[in-house]
file input_1.cif (mmCIF, C-alpha atoms and all ligand atoms)
data_target
#
loop_
_atom_site.group_PDB
_atom_site.id
_atom_site.type_symbol
_atom_site.label_atom_id
_atom_site.label_comp_id
_atom_site.auth_asym_id
_atom_site.auth_seq_id
_atom_site.Cartn_x
_atom_site.Cartn_y
_atom_site.Cartn_z
ATOM 1 C CA MET A 136 0.000 0.000 0.000
ATOM 2 C CA ILE A 137 1.302 3.467 -0.904
ATOM 3 C CA GLN A 138 1.344 5.804 2.083
ATOM 4 C CA PRO A 139 -0.491 9.180 1.743
ATOM 5 C CA ILE A 140 2.771 11.138 2.126
ATOM 6 C CA LYS A 141 4.292 9.175 -0.765
ATOM 7 C CA THR A 142 1.188 9.773 -2.881
ATOM 8 C CA CYS A 143 1.499 13.463 -2.190
ATOM 9 C CA THR A 144 5.200 13.508 -3.144
ATOM 10 C CA LEU A 145 4.447 11.617 -6.332
ATOM 11 C CA THR A 146 1.742 14.122 -7.252
ATOM 12 C CA ILE A 147 4.064 17.076 -6.666
ATOM 13 C CA LEU A 148 6.795 15.474 -8.767
ATOM 14 C CA THR A 149 4.318 14.800 -11.558
ATOM 15 C CA LEU A 150 3.115 18.409 -11.481
ATOM 16 C CA LEU A 151 6.689 19.701 -11.447
ATOM 17 C CA PHE A 152 7.505 17.560 -14.470
ATOM 18 C CA PHE A 153 4.402 18.870 -16.258
ATOM 19 C CA PHE A 154 5.210 22.550 -15.578
ATOM 20 C CA GLN A 155 8.872 22.098 -16.523
ATOM 21 C CA SER A 156 7.829 20.528 -19.816
ATOM 22 C CA ALA A 157 5.332 23.304 -20.486
ATOM 23 C CA TYR A 158 7.941 25.986 -19.681
ATOM 24 C CA ALA A 159 10.507 24.332 -21.937
ATOM 25 C CA SER A 160 7.926 24.285 -24.716
ATOM 26 C CA VAL A 161 7.230 28.024 -24.349
ATOM 27 C CA VAL A 162 10.939 28.872 -24.420
ATOM 28 C CA LYS A 163 11.377 26.711 -27.501
ATOM 29 C CA ASP A 164 8.424 28.454 -29.149
ATOM 30 C CA GLU A 165 9.888 31.857 -28.322
ATOM 31 C CA GLN A 166 13.237 30.909 -29.809
ATOM 32 C CA SER A 167 11.721 29.310 -32.850
ATOM 33 C CA ILE A 168 10.082 32.561 -34.025
ATOM 34 C CA VAL A 169 13.372 34.456 -33.906
ATOM 35 C CA HIS A 170 15.495 33.809 -36.959
ATOM 36 C CA GLU A 171 19.159 34.612 -37.208
ATOM 37 C CA MET A 172 19.656 37.703 -39.329
ATOM 38 C CA LYS A 173 22.164 37.324 -42.126
ATOM 39 C CA LEU A 174 23.361 40.354 -44.034
ATOM 40 C CA GLU A 175 24.171 38.174 -47.037
ATOM 41 C CA SER A 176 20.425 37.924 -47.655
ATOM 42 C CA MET A 177 20.233 41.686 -48.140
ATOM 43 C CA GLY A 178 21.061 43.836 -51.116
ATOM 44 C CA LYS A 179 23.839 46.390 -51.229
ATOM 45 C CA ARG A 180 21.971 49.612 -50.473
ATOM 46 C CA ILE A 181 20.367 50.058 -47.081
ATOM 47 C CA LEU A 182 18.112 52.973 -46.227
ATOM 48 C CA ILE A 183 17.153 53.553 -42.594
ATOM 49 C CA VAL A 184 14.193 55.827 -41.910
ATOM 50 C CA VAL A 185 14.587 57.445 -38.479
ATOM 51 C CA PRO A 186 12.017 59.538 -36.560
ATOM 52 C CA HIS A 187 14.411 61.184 -34.057
ATOM 53 C CA PRO A 188 18.148 61.495 -33.423
ATOM 54 C CA ASP A 189 19.107 58.555 -31.124
ATOM 55 C CA ASP A 190 16.706 56.020 -32.684
ATOM 56 C CA GLU A 191 19.339 55.183 -35.320
ATOM 57 C CA THR A 192 21.767 54.101 -32.569
ATOM 58 C CA LEU A 193 19.192 52.401 -30.340
ATOM 59 C CA ALA A 194 17.654 50.277 -33.078
ATOM 60 C CA THR A 195 20.295 50.001 -35.789
ATOM 61 C CA GLY A 196 23.669 50.961 -34.270
ATOM 62 C CA GLY A 197 24.985 47.424 -34.734
ATOM 63 C CA LEU A 198 23.356 46.952 -38.125
ATOM 64 C CA ILE A 199 24.982 50.138 -39.468
ATOM 65 C CA GLN A 200 28.447 48.982 -38.378
ATOM 66 C CA ARG A 201 27.990 45.481 -39.812
ATOM 67 C CA ALA A 202 26.557 46.742 -43.101
ATOM 68 C CA LEU A 203 29.464 49.152 -43.612
ATOM 69 C CA GLN A 204 31.972 46.423 -42.762
ATOM 70 C CA SER A 205 30.259 44.219 -45.356
ATOM 71 C CA GLY A 206 30.753 46.843 -48.050
ATOM 72 C CA LYS A 207 27.128 47.927 -48.253
ATOM 73 C CA LYS A 208 26.043 51.509 -48.785
ATOM 74 C CA VAL A 209 24.028 52.951 -45.891
ATOM 75 C CA ARG A 210 21.942 56.078 -45.777
ATOM 76 C CA LEU A 211 19.934 57.569 -42.908
ATOM 77 C CA LEU A 212 16.782 59.546 -43.583
ATOM 78 C CA MET A 213 16.162 61.693 -40.511
ATOM 79 C CA LEU A 214 12.521 62.773 -40.495
ATOM 80 C CA THR A 215 12.751 65.156 -37.509
ATOM 81 C CA ASN A 216 15.509 66.762 -35.452
ATOM 82 C CA GLY A 217 13.827 65.781 -32.196
ATOM 83 C CA ASP A 218 12.970 69.426 -31.575
ATOM 84 C CA GLY A 219 9.642 68.897 -29.815
ATOM 85 C CA PHE A 220 10.862 67.196 -26.633
ATOM 86 C CA ARG A 221 9.745 69.552 -23.865
ATOM 87 C CA LEU A 222 11.903 68.035 -21.104
ATOM 88 C CA ALA A 223 15.036 68.286 -23.239
ATOM 89 C CA ALA A 224 14.209 71.864 -24.296
ATOM 90 C CA ALA A 225 13.601 72.775 -20.639
ATOM 91 C CA ASN A 226 16.898 71.188 -19.644
ATOM 92 C CA LEU A 227 18.745 73.016 -22.414
ATOM 93 C CA SER A 228 17.162 76.416 -21.747
ATOM 94 C CA GLY A 229 17.109 76.182 -17.953
ATOM 95 C CA THR A 230 13.437 77.131 -17.841
ATOM 96 C CA PRO A 231 10.437 74.864 -17.168
ATOM 97 C CA SER A 232 8.484 76.571 -19.964
ATOM 98 C CA PRO A 233 10.741 76.628 -23.020
ATOM 99 C CA ARG A 234 9.951 79.117 -25.787
ATOM 100 C CA PRO A 235 9.893 78.313 -29.532
ATOM 101 C CA GLU A 236 13.488 79.476 -30.010
ATOM 102 C CA HIS A 237 14.599 76.996 -27.334
ATOM 103 C CA TYR A 238 12.979 74.160 -29.259
ATOM 104 C CA LYS A 239 14.846 75.219 -32.419
ATOM 105 C CA LEU A 240 18.124 75.355 -30.479
ATOM 106 C CA LEU A 241 17.396 71.851 -29.251
ATOM 107 C CA GLY A 242 16.834 70.709 -32.848
ATOM 108 C CA GLU A 243 20.196 72.133 -33.885
ATOM 109 C CA GLN A 244 21.935 70.535 -30.915
ATOM 110 C CA ARG A 245 20.410 67.164 -31.685
ATOM 111 C CA GLN A 246 21.589 67.393 -35.297
ATOM 112 C CA THR A 247 25.131 67.894 -33.988
ATOM 113 C CA GLU A 248 24.761 64.998 -31.542
ATOM 114 C CA LEU A 249 23.425 62.781 -34.313
ATOM 115 C CA LEU A 250 26.377 63.513 -36.577
ATOM 116 C CA ARG A 251 28.835 62.767 -33.761
ATOM 117 C CA ALA A 252 27.048 59.504 -32.972
ATOM 118 C CA THR A 253 26.838 58.334 -36.571
ATOM 119 C CA ALA A 254 30.528 59.219 -37.118
ATOM 120 C CA LYS A 255 31.301 56.761 -34.305
ATOM 121 C CA LEU A 256 29.249 54.158 -36.171
ATOM 122 C CA GLY A 257 31.208 54.805 -39.368
ATOM 123 C CA LEU A 258 28.912 57.111 -41.333
ATOM 124 C CA SER A 259 30.038 60.349 -42.959
ATOM 125 C CA LYS A 260 27.938 63.520 -43.033
ATOM 126 C CA ASN A 261 26.785 62.990 -46.590
ATOM 127 C CA GLN A 262 25.277 59.632 -45.647
ATOM 128 C CA VAL A 263 22.810 61.409 -43.366
ATOM 129 C CA ARG A 264 19.845 63.263 -44.856
ATOM 130 C CA PHE A 265 17.931 65.658 -42.607
ATOM 131 C CA LEU A 266 14.342 66.546 -43.506
ATOM 132 C CA GLY A 267 13.748 68.683 -40.389
ATOM 133 C CA PHE A 268 10.028 67.946 -40.018
ATOM 134 C CA PRO A 269 8.292 68.591 -36.680
ATOM 135 C CA ASP A 270 9.015 66.304 -33.756
ATOM 136 C CA ALA A 271 5.806 65.294 -31.956
ATOM 137 C CA GLY A 272 3.970 66.157 -35.173
ATOM 138 C CA LEU A 273 4.381 63.265 -37.628
ATOM 139 C CA HIS A 274 1.110 61.629 -36.568
ATOM 140 C CA LEU A 275 -0.636 64.987 -36.987
ATOM 141 C CA LEU A 276 0.719 65.299 -40.528
ATOM 142 C CA TRP A 277 -0.608 61.823 -41.226
ATOM 143 C CA ARG A 278 -4.054 62.423 -39.742
ATOM 144 C CA GLU A 279 -4.871 66.128 -39.980
ATOM 145 C CA TYR A 280 -2.285 68.168 -41.894
ATOM 146 C CA TRP A 281 -2.065 66.184 -45.090
ATOM 147 C CA ASN A 282 -2.968 68.742 -47.754
ATOM 148 C CA GLU A 283 -0.678 71.523 -48.908
ATOM 149 C CA ASP A 284 -3.040 74.229 -47.654
ATOM 150 C CA THR A 285 -3.028 73.053 -44.011
ATOM 151 C CA LYS A 286 0.452 73.514 -42.576
ATOM 152 C CA LEU A 287 1.319 72.313 -39.091
ATOM 153 C CA CYS A 288 2.980 74.756 -36.701
ATOM 154 C CA SER A 289 5.923 73.065 -34.964
ATOM 155 C CA ARG A 290 6.912 73.717 -31.337
ATOM 156 C CA THR A 291 9.727 75.788 -32.847
ATOM 157 C CA GLY A 292 7.032 78.199 -34.024
ATOM 158 C CA HIS A 293 7.693 77.394 -37.687
ATOM 159 C CA THR A 294 5.355 76.027 -40.345
ATOM 160 C CA GLU A 295 8.260 75.356 -42.725
ATOM 161 C CA CYS A 296 11.612 73.658 -42.119
ATOM 162 C CA PRO A 297 13.839 76.349 -40.540
ATOM 163 C CA TYR A 298 17.119 74.435 -40.418
ATOM 164 C CA ASP A 299 20.248 75.308 -42.380
ATOM 165 C CA ILE A 300 21.357 71.683 -42.399
ATOM 166 C CA SER A 301 18.479 70.149 -44.306
ATOM 167 C CA VAL A 302 17.675 68.766 -47.725
ATOM 168 C CA ALA A 303 14.304 70.444 -47.359
ATOM 169 C CA ALA A 304 14.921 74.035 -46.267
ATOM 170 C CA LYS A 305 11.627 75.978 -46.231
ATOM 171 C CA ALA A 306 9.631 72.811 -46.953
ATOM 172 C CA PRO A 307 6.072 73.335 -45.669
ATOM 173 C CA TYR A 308 4.983 71.061 -42.849
ATOM 174 C CA THR A 309 2.308 68.951 -44.526
ATOM 175 C CA GLY A 310 1.885 65.225 -45.008
ATOM 176 C CA GLN A 311 1.953 65.579 -48.804
ATOM 177 C CA GLN A 312 5.248 67.467 -48.657
ATOM 178 C CA LEU A 313 6.826 64.828 -46.435
ATOM 179 C CA VAL A 314 5.731 62.151 -48.907
ATOM 180 C CA LYS A 315 7.234 64.116 -51.826
ATOM 181 C CA LEU A 316 10.567 64.452 -50.050
ATOM 182 C CA MET A 317 10.662 60.797 -49.054
ATOM 183 C CA VAL A 318 9.883 59.739 -52.617
ATOM 184 C CA ALA A 319 12.706 61.969 -53.910
ATOM 185 C CA GLU A 320 15.207 60.555 -51.392
ATOM 186 C CA ILE A 321 14.241 56.947 -52.090
ATOM 187 C CA SER A 322 14.352 57.483 -55.864
ATOM 188 C CA ARG A 323 17.787 59.090 -55.585
ATOM 189 C CA PHE A 324 19.332 56.434 -53.320
ATOM 190 C CA ARG A 325 17.573 53.395 -54.879
ATOM 191 C CA PRO A 326 17.736 51.185 -51.767
ATOM 192 C CA THR A 327 17.561 47.408 -51.869
ATOM 193 C CA ASP A 328 16.504 47.228 -48.206
ATOM 194 C CA VAL A 329 14.529 49.741 -46.176
ATOM 195 C CA PHE A 330 14.385 49.739 -42.367
ATOM 196 C CA TYR A 331 11.701 51.816 -40.690
ATOM 197 C CA PRO A 332 9.820 52.048 -37.355
ATOM 198 C CA ASP A 333 7.226 49.376 -36.754
ATOM 199 C CA THR A 334 3.654 50.619 -37.112
ATOM 200 C CA GLU A 335 2.868 48.889 -33.788
ATOM 201 C CA ASP A 336 5.332 51.168 -31.966
ATOM 202 C CA SER A 337 3.498 53.007 -29.187
ATOM 203 C CA HIS A 338 5.179 56.377 -29.853
ATOM 204 C CA ASN A 339 3.173 58.614 -32.188
ATOM 205 C CA ASP A 340 6.137 59.768 -34.258
ATOM 206 C CA HIS A 341 7.364 56.210 -34.641
ATOM 207 C CA TRP A 342 4.203 54.516 -35.886
ATOM 208 C CA ALA A 343 3.536 57.517 -38.128
ATOM 209 C CA ALA A 344 7.076 57.317 -39.579
ATOM 210 C CA GLY A 345 6.353 53.655 -40.325
ATOM 211 C CA ALA A 346 3.005 54.526 -41.902
ATOM 212 C CA PHE A 347 4.542 57.214 -44.135
ATOM 213 C CA THR A 348 7.316 54.856 -45.270
ATOM 214 C CA ARG A 349 4.940 52.031 -46.100
ATOM 215 C CA TYR A 350 2.650 54.442 -47.940
ATOM 216 C CA VAL A 351 5.546 55.760 -50.049
ATOM 217 C CA LEU A 352 6.898 52.289 -50.850
ATOM 218 C CA ARG A 353 3.456 50.943 -51.805
ATOM 219 C CA LYS A 354 2.251 53.973 -53.751
ATOM 220 C CA HIS A 355 5.399 54.202 -55.840
ATOM 221 C CA LYS A 356 5.859 50.439 -56.101
ATOM 222 C CA HIS A 357 9.465 50.436 -54.909
ATOM 223 C CA LYS A 358 10.632 46.834 -54.959
ATOM 224 C CA VAL A 359 12.698 46.539 -51.788
ATOM 225 C CA GLN A 360 13.033 44.227 -48.826
ATOM 226 C CA GLU A 361 11.282 45.850 -45.889
ATOM 227 C CA TRP A 362 12.258 45.534 -42.246
ATOM 228 C CA SER A 363 10.770 47.223 -39.208
ATOM 229 C CA TYR A 364 12.255 47.987 -35.833
ATOM 230 C CA LEU A 365 10.793 48.787 -32.438
ATOM 231 C CA VAL A 366 11.838 51.345 -29.822
ATOM 232 C CA HIS A 367 8.712 52.018 -27.760
ATOM 233 C CA TYR A 368 6.452 49.217 -26.608
ATOM 234 C CA PRO A 369 4.760 48.650 -23.207
ATOM 235 C CA ASP A 370 7.058 47.010 -20.629
ATOM 236 C CA TRP A 371 9.803 46.508 -23.190
ATOM 237 C CA PRO A 372 12.739 46.117 -23.095
ATOM 238 C CA HIS A 373 11.781 44.106 -20.014
ATOM 239 C CA SER A 374 14.636 45.037 -17.736
ATOM 240 C CA GLN A 375 16.584 48.248 -17.895
ATOM 241 C CA THR A 376 19.330 46.854 -15.714
ATOM 242 C CA CYS A 377 20.264 43.811 -17.758
ATOM 243 C CA GLY A 378 23.440 45.380 -19.082
ATOM 244 C CA SER A 379 25.340 44.855 -22.274
ATOM 245 C CA ALA A 380 25.721 41.103 -21.815
ATOM 246 C CA SER A 381 22.022 40.348 -22.151
ATOM 247 C CA VAL A 382 19.862 39.532 -25.141
ATOM 248 C CA LEU A 383 17.180 41.928 -26.369
ATOM 249 C CA PRO A 384 14.017 39.841 -26.077
ATOM 250 C CA VAL A 385 11.073 39.655 -28.456
ATOM 251 C CA PRO A 386 8.453 42.102 -27.195
ATOM 252 C CA GLY A 387 5.201 41.060 -25.581
ATOM 253 C CA LYS A 388 3.099 37.933 -25.795
ATOM 254 C CA ASP A 389 0.222 39.403 -27.769
ATOM 255 C CA ARG A 390 0.168 40.392 -31.423
ATOM 256 C CA MET A 391 3.931 40.982 -31.483
ATOM 257 C CA TRP A 392 4.501 37.421 -30.281
ATOM 258 C CA SER A 393 3.821 35.580 -33.505
ATOM 259 C CA THR A 394 5.604 37.869 -35.931
ATOM 260 C CA ASN A 395 8.593 37.185 -38.084
ATOM 261 C CA TRP A 396 11.449 38.461 -35.938
ATOM 262 C CA HIS A 397 15.103 38.329 -36.949
ATOM 263 C CA SER A 398 17.958 38.779 -34.500
ATOM 264 C CA LEU A 399 21.295 40.287 -35.483
ATOM 265 C CA ARG A 400 23.937 39.028 -33.065
ATOM 266 C CA LEU A 401 26.554 41.700 -32.323
ATOM 267 C CA SER A 402 30.232 41.284 -31.554
ATOM 268 C CA GLU A 403 31.726 42.732 -28.364
ATOM 269 C CA THR A 404 33.323 45.496 -30.411
ATOM 270 C CA GLU A 405 30.032 46.368 -32.115
ATOM 271 C CA VAL A 406 28.294 46.568 -28.724
ATOM 272 C CA SER A 407 31.054 48.818 -27.356
ATOM 273 C CA VAL A 408 30.952 51.151 -30.355
ATOM 274 C CA LYS A 409 27.159 51.317 -30.131
ATOM 275 C CA ALA A 410 27.466 52.373 -26.471
ATOM 276 C CA LEU A 411 29.998 55.066 -27.394
ATOM 277 C CA ALA A 412 27.695 56.362 -30.130
ATOM 278 C CA LEU A 413 24.794 56.485 -27.691
ATOM 279 C CA ASP A 414 26.853 58.605 -25.288
ATOM 280 C CA GLU A 415 27.034 61.289 -27.996
ATOM 281 C CA HIS A 416 23.286 61.884 -27.633
ATOM 282 C CA ARG A 417 24.005 63.934 -24.536
ATOM 283 C CA SER A 418 20.751 65.891 -24.421
ATOM 284 C CA GLN A 419 18.892 62.574 -24.206
ATOM 285 C CA MET A 420 21.305 60.729 -21.953
ATOM 286 C CA GLN A 421 20.887 63.476 -19.358
ATOM 287 C CA ILE A 422 17.149 62.791 -19.218
ATOM 288 C CA MET A 423 16.570 59.054 -19.712
ATOM 289 C CA PRO A 424 19.889 57.180 -19.499
ATOM 290 C CA ASP A 425 18.425 53.919 -18.164
ATOM 291 C CA PHE A 426 15.883 53.553 -20.948
ATOM 292 C CA LEU A 427 18.440 54.364 -23.646
ATOM 293 C CA ARG A 428 21.080 52.031 -22.209
ATOM 294 C CA SER A 429 18.549 49.194 -22.116
ATOM 295 C CA PHE A 430 19.114 48.902 -25.886
ATOM 296 C CA ILE A 431 22.813 48.146 -25.443
ATOM 297 C CA ARG A 432 22.524 44.388 -25.791
ATOM 298 C CA THR A 433 24.193 41.532 -27.578
ATOM 299 C CA ASN A 434 21.696 41.683 -30.448
ATOM 300 C CA GLU A 435 19.235 43.858 -32.373
ATOM 301 C CA LEU A 436 15.771 42.766 -33.463
ATOM 302 C CA TYR A 437 14.082 43.388 -36.808
ATOM 303 C CA LYS A 438 10.771 42.281 -38.190
ATOM 304 C CA LYS A 439 10.673 41.159 -41.814
ATOM 305 C CA ILE A 440 7.690 42.744 -43.515
ATOM 306 C CA GLU A 441 5.933 40.467 -45.963
ATOM 307 C CA CYS A 442 4.563 42.613 -48.780
HETATM 308 ZN ZN ZN V 1 12.236 58.237 -31.362
#
call {"tool": "encode", "arguments": {"input": "input_1.cif", "output": "structure tokens"}}
result
Amino acid sequence: MIQPIKTCTLTILTLLFFFQSAYASVVKDEQSIVHEMKLESMGKRILIVVPHPDDETLATGGLIQRALQSGKKVRLLMLTNGDGFRLAAANLSGTPSPRPEHYKLLGEQRQTELLRATAKLGLSKNQVRFLGFPDAGLHLLWREYWNEDTKLCSRTGHTECPYDISVAAKAPYTGQQLVKLMVAEISRFRPTDVFYPDTEDSHNDHWAAGAFTRYVLRKHKHKVQEWSYLVHYPDWPHSQTCGSASVLPVPGKDRMWSTNWHSLRLSETEVSVKALALDEHRSQMQIMPDFLRSFIRTNELYKKIEC
């Protein structure tokens, strides 16, 4: 006869075995949806569409280094100068209520920071194209300020691009104008692969940047490989204290869970250079260093977009 205590132990062991098996299955499932990213499967011309200075380093700092080392041509298309970030403008101006000129100064500073960061990654100035459209306004251009006769007023107080360093000086802030400029840049560069923010990103400028890019690629039938990247998503990256030795995990267990993620494994040198580039974004590192550093990992994640 089996004693009750032994029956109980047996039950616990059985349950433990069941949960361990279930856990192992989940981990396997998680790993199985992440493919190893190989640059050999890409073409030779890579365009990266970037909403704000710092996103290029956070999401593609390793990719840029690897692509350049592989002999590919890389170009960044900077949609905004990050000139609408109130906290950063307040920090720069020393006043809690920054004025329009402070926002423009911030935009100019972030252009400088971006060029320093991308130089660390291996890019020259002429590989970076600034459009100078309004930060915190891309979703408004998409939804409300589409037509040429309805210009958006940026936090800099301008309704046209006011920056000297720009391929679009005096360009009016409308959705149609942004599309025209993006079409011109894509036609000129003729990319084989385009990276852009995922339309599921929770930041308004990011999903809107993704929406504009997809619209341009579809409308003008550019035949390219498309990849998306994520910067803002609830509770992700999971831990901001994991450090540079940890893996960037696939976000969430909802709709993002089942998508076609690819992981680019970075070398120790690539991780170190990425961290150095990130340090150049000083106006941002002063405000949210933990969040930014949480992207310094041993890999980067990209979603392959099936057209
Ligand atoms: Zn951003």
call {"tool": "residues_near_ligand", "arguments": {"input": "input_1.cif", "ligand": "ligand ZN 1 (chain V)", "cutoff": "6 Å", "atoms": "only C-alpha atoms and all ligand atoms", "output": "PyMOL selection string"}}
result
chain A and resi 186-187+190
call {"tool": "residues_near_point", "arguments": {"input": "input_1.cif", "point": "(13.7, 50.1, -26.3)", "cutoff": "7 Å", "atoms": "all atoms listed in the file", "output": "MDAnalysis selection string"}}
result
chainID A and resid 365:367 371:372 426:427 429:430
call {"tool": "write_last_selection", "arguments": {"input": "input_1.cif", "atoms": "C-alpha atoms", "output": "JSON list (two decimals), in the coordinates of the input"}}
result
[["chain", "number", "residue", "atom", "x", "y", "z"],
["A", 365, "LEU", "CA", 10.79, 48.79, -32.44],
["A", 366, "VAL", "CA", 11.84, 51.34, -29.82],
["A", 367, "HIS", "CA", 8.71, 52.02, -27.76],
["A", 371, "TRP", "CA", 9.80, 46.51, -23.19],
["A", 372, "PRO", "CA", 12.74, 46.12, -23.10],
["A", 426, "PHE", "CA", 15.88, 53.55, -20.95],
["A", 427, "LEU", "CA", 18.44, 54.36, -23.65],
["A", 429, "SER", "CA", 18.55, 49.19, -22.12],
["A", 430, "PHE", "CA", 19.11, 48.90, -25.89]]
call {"tool": "closest_residue", "arguments": {"input": "input_1.cif", "among": "A:Gln311, A:Ser381, A:Asn226, A:Ser402", "to": "A:Lys286", "atoms": "all atoms listed in the file"}}
result
A:Gln311
call {"tool": "resolve_selection", "arguments": {"input": "input_1.cif", "expression": "the PyMOL selection byres (((chain A and resi 320) around 10) and not hetatm)", "output": "list in words"}}
result
Leu182, Arg210, Leu212, Arg264, Leu266, Val302, Val314, Lys315, Leu316, Met317, Val318, Ala319, Ile321, Ser322, Arg323, Phe324, Arg325 and Pro326 of chain A
call {"tool": "atom_distance", "arguments": {"input": "input_1.cif", "atom1": "atom CA of A:Gly219", "atom2": "atom CA of A:Pro269"}}
result
7.0 Å
call {"tool": "resolve_selection", "arguments": {"input": "input_1.cif", "expression": "the PyMOL selection byres (((chain A and resi 436) around 7) and not hetatm)", "output": "list in words"}}
result
Tyr364, Trp396, His397, Ser398, Leu399, Asn434, Glu435, Tyr437 and Lys438 of chain A
call {"tool": "resolve_selection", "arguments": {"input": "input_1.cif", "expression": "the PyMOL selection byres (((chain A and resi 412) around 7) and not hetatm)", "output": "PyMOL selection string"}}
result
chain A and resi 192+252-253+255-256+408-411+413-415
call {"tool": "closest_residue", "arguments": {"input": "input_1.cif", "among": "A:Tyr368, A:Trp362, A:Phe220, A:Phe268", "to": "A:Tyr308", "atoms": "only C-alpha atoms"}}
result
A:Phe268
call {"tool": "closest_residue", "arguments": {"input": "input_1.cif", "among": "A:Gln360, A:His293, A:Phe265, A:Ala271", "to": "A:Asn339", "atoms": "all atoms listed in the file"}}
result
A:Ala271
call {"tool": "atom_distance", "arguments": {"input": "input_1.cif", "atom1": "atom CA of A:Asp218", "atom2": "atom CA of A:Gln244"}}
result
9.1 Å
call {"tool": "atom_distance", "arguments": {"input": "input_1.cif", "atom1": "atom CA of A:Leu222", "atom2": "atom CA of A:Arg234"}}
result
12.2 Å
call {"tool": "build_atoms", "arguments": {"input": "input_1.cif", "residues": "stretch 342-359 of chain A", "atoms": "N, CA and C atoms", "output": "mmCIF file, in the frame of the given file"}}
result
data_model
loop_
_atom_site.group_PDB
_atom_site.id
_atom_site.type_symbol
_atom_site.label_atom_id
_atom_site.label_comp_id
_atom_site.auth_asym_id
_atom_site.auth_seq_id
_atom_site.Cartn_x
_atom_site.Cartn_y
_atom_site.Cartn_z
ATOM 1 N N TRP A 342 5.140 55.235 -35.024
ATOM 2 C CA TRP A 342 4.203 54.516 -35.886
ATOM 3 C C TRP A 342 3.878 55.330 -37.132
ATOM 4 N N ALA A 343 3.836 56.670 -36.964
ATOM 5 C CA ALA A 343 3.536 57.517 -38.128
ATOM 6 C C ALA A 343 4.677 57.469 -39.147
ATOM 7 N N ALA A 344 5.928 57.446 -38.664
ATOM 8 C CA ALA A 344 7.076 57.317 -39.579
ATOM 9 C C ALA A 344 6.975 55.999 -40.354
ATOM 10 N N GLY A 345 6.555 54.941 -39.651
ATOM 11 C CA GLY A 345 6.353 53.655 -40.325
ATOM 12 C C GLY A 345 5.235 53.729 -41.345
ATOM 13 N N ALA A 346 4.148 54.403 -40.986
ATOM 14 C CA ALA A 346 3.005 54.526 -41.902
ATOM 15 C C ALA A 346 3.392 55.320 -43.155
ATOM 16 N N PHE A 347 4.102 56.416 -42.977
ATOM 17 C CA PHE A 347 4.542 57.214 -44.135
ATOM 18 C C PHE A 347 5.446 56.377 -45.052
ATOM 19 N N THR A 348 6.373 55.641 -44.455
ATOM 20 C CA THR A 348 7.316 54.856 -45.270
ATOM 21 C C THR A 348 6.581 53.784 -46.065
ATOM 22 N N ARG A 349 5.686 53.090 -45.400
ATOM 23 C CA ARG A 349 4.940 52.031 -46.100
ATOM 24 C C ARG A 349 4.083 52.623 -47.214
ATOM 25 N N TYR A 350 3.475 53.777 -46.930
ATOM 26 C CA TYR A 350 2.650 54.442 -47.940
ATOM 27 C C TYR A 350 3.494 54.775 -49.177
ATOM 28 N N VAL A 351 4.664 55.357 -48.936
ATOM 29 C CA VAL A 351 5.546 55.760 -50.049
ATOM 30 C C VAL A 351 5.995 54.529 -50.844
ATOM 31 N N LEU A 352 6.399 53.483 -50.149
ATOM 32 C CA LEU A 352 6.898 52.289 -50.850
ATOM 33 C C LEU A 352 5.787 51.627 -51.664
ATOM 34 N N ARG A 353 4.568 51.583 -51.088
ATOM 35 C CA ARG A 353 3.456 50.943 -51.805
ATOM 36 C C ARG A 353 3.000 51.800 -52.978
ATOM 37 N N LYS A 354 2.815 53.077 -52.731
ATOM 38 C CA LYS A 354 2.251 53.973 -53.751
ATOM 39 C C LYS A 354 3.166 54.051 -54.973
ATOM 40 N N HIS A 355 4.464 54.049 -54.722
ATOM 41 C CA HIS A 355 5.399 54.202 -55.840
ATOM 42 C C HIS A 355 6.037 52.882 -56.242
ATOM 43 N N LYS A 356 5.486 51.806 -55.693
ATOM 44 C CA LYS A 356 5.859 50.439 -56.101
ATOM 45 C C LYS A 356 7.378 50.218 -56.103
ATOM 46 N N HIS A 357 8.032 50.700 -55.044
ATOM 47 C CA HIS A 357 9.465 50.436 -54.909
ATOM 48 C C HIS A 357 9.630 48.976 -54.501
ATOM 49 N N LYS A 358 10.414 48.247 -55.277
ATOM 50 C CA LYS A 358 10.632 46.834 -54.959
ATOM 51 C C LYS A 358 11.865 46.716 -54.059
ATOM 52 N N VAL A 359 11.617 46.634 -52.767
ATOM 53 C CA VAL A 359 12.698 46.539 -51.788
ATOM 54 C C VAL A 359 12.326 45.487 -50.742
#
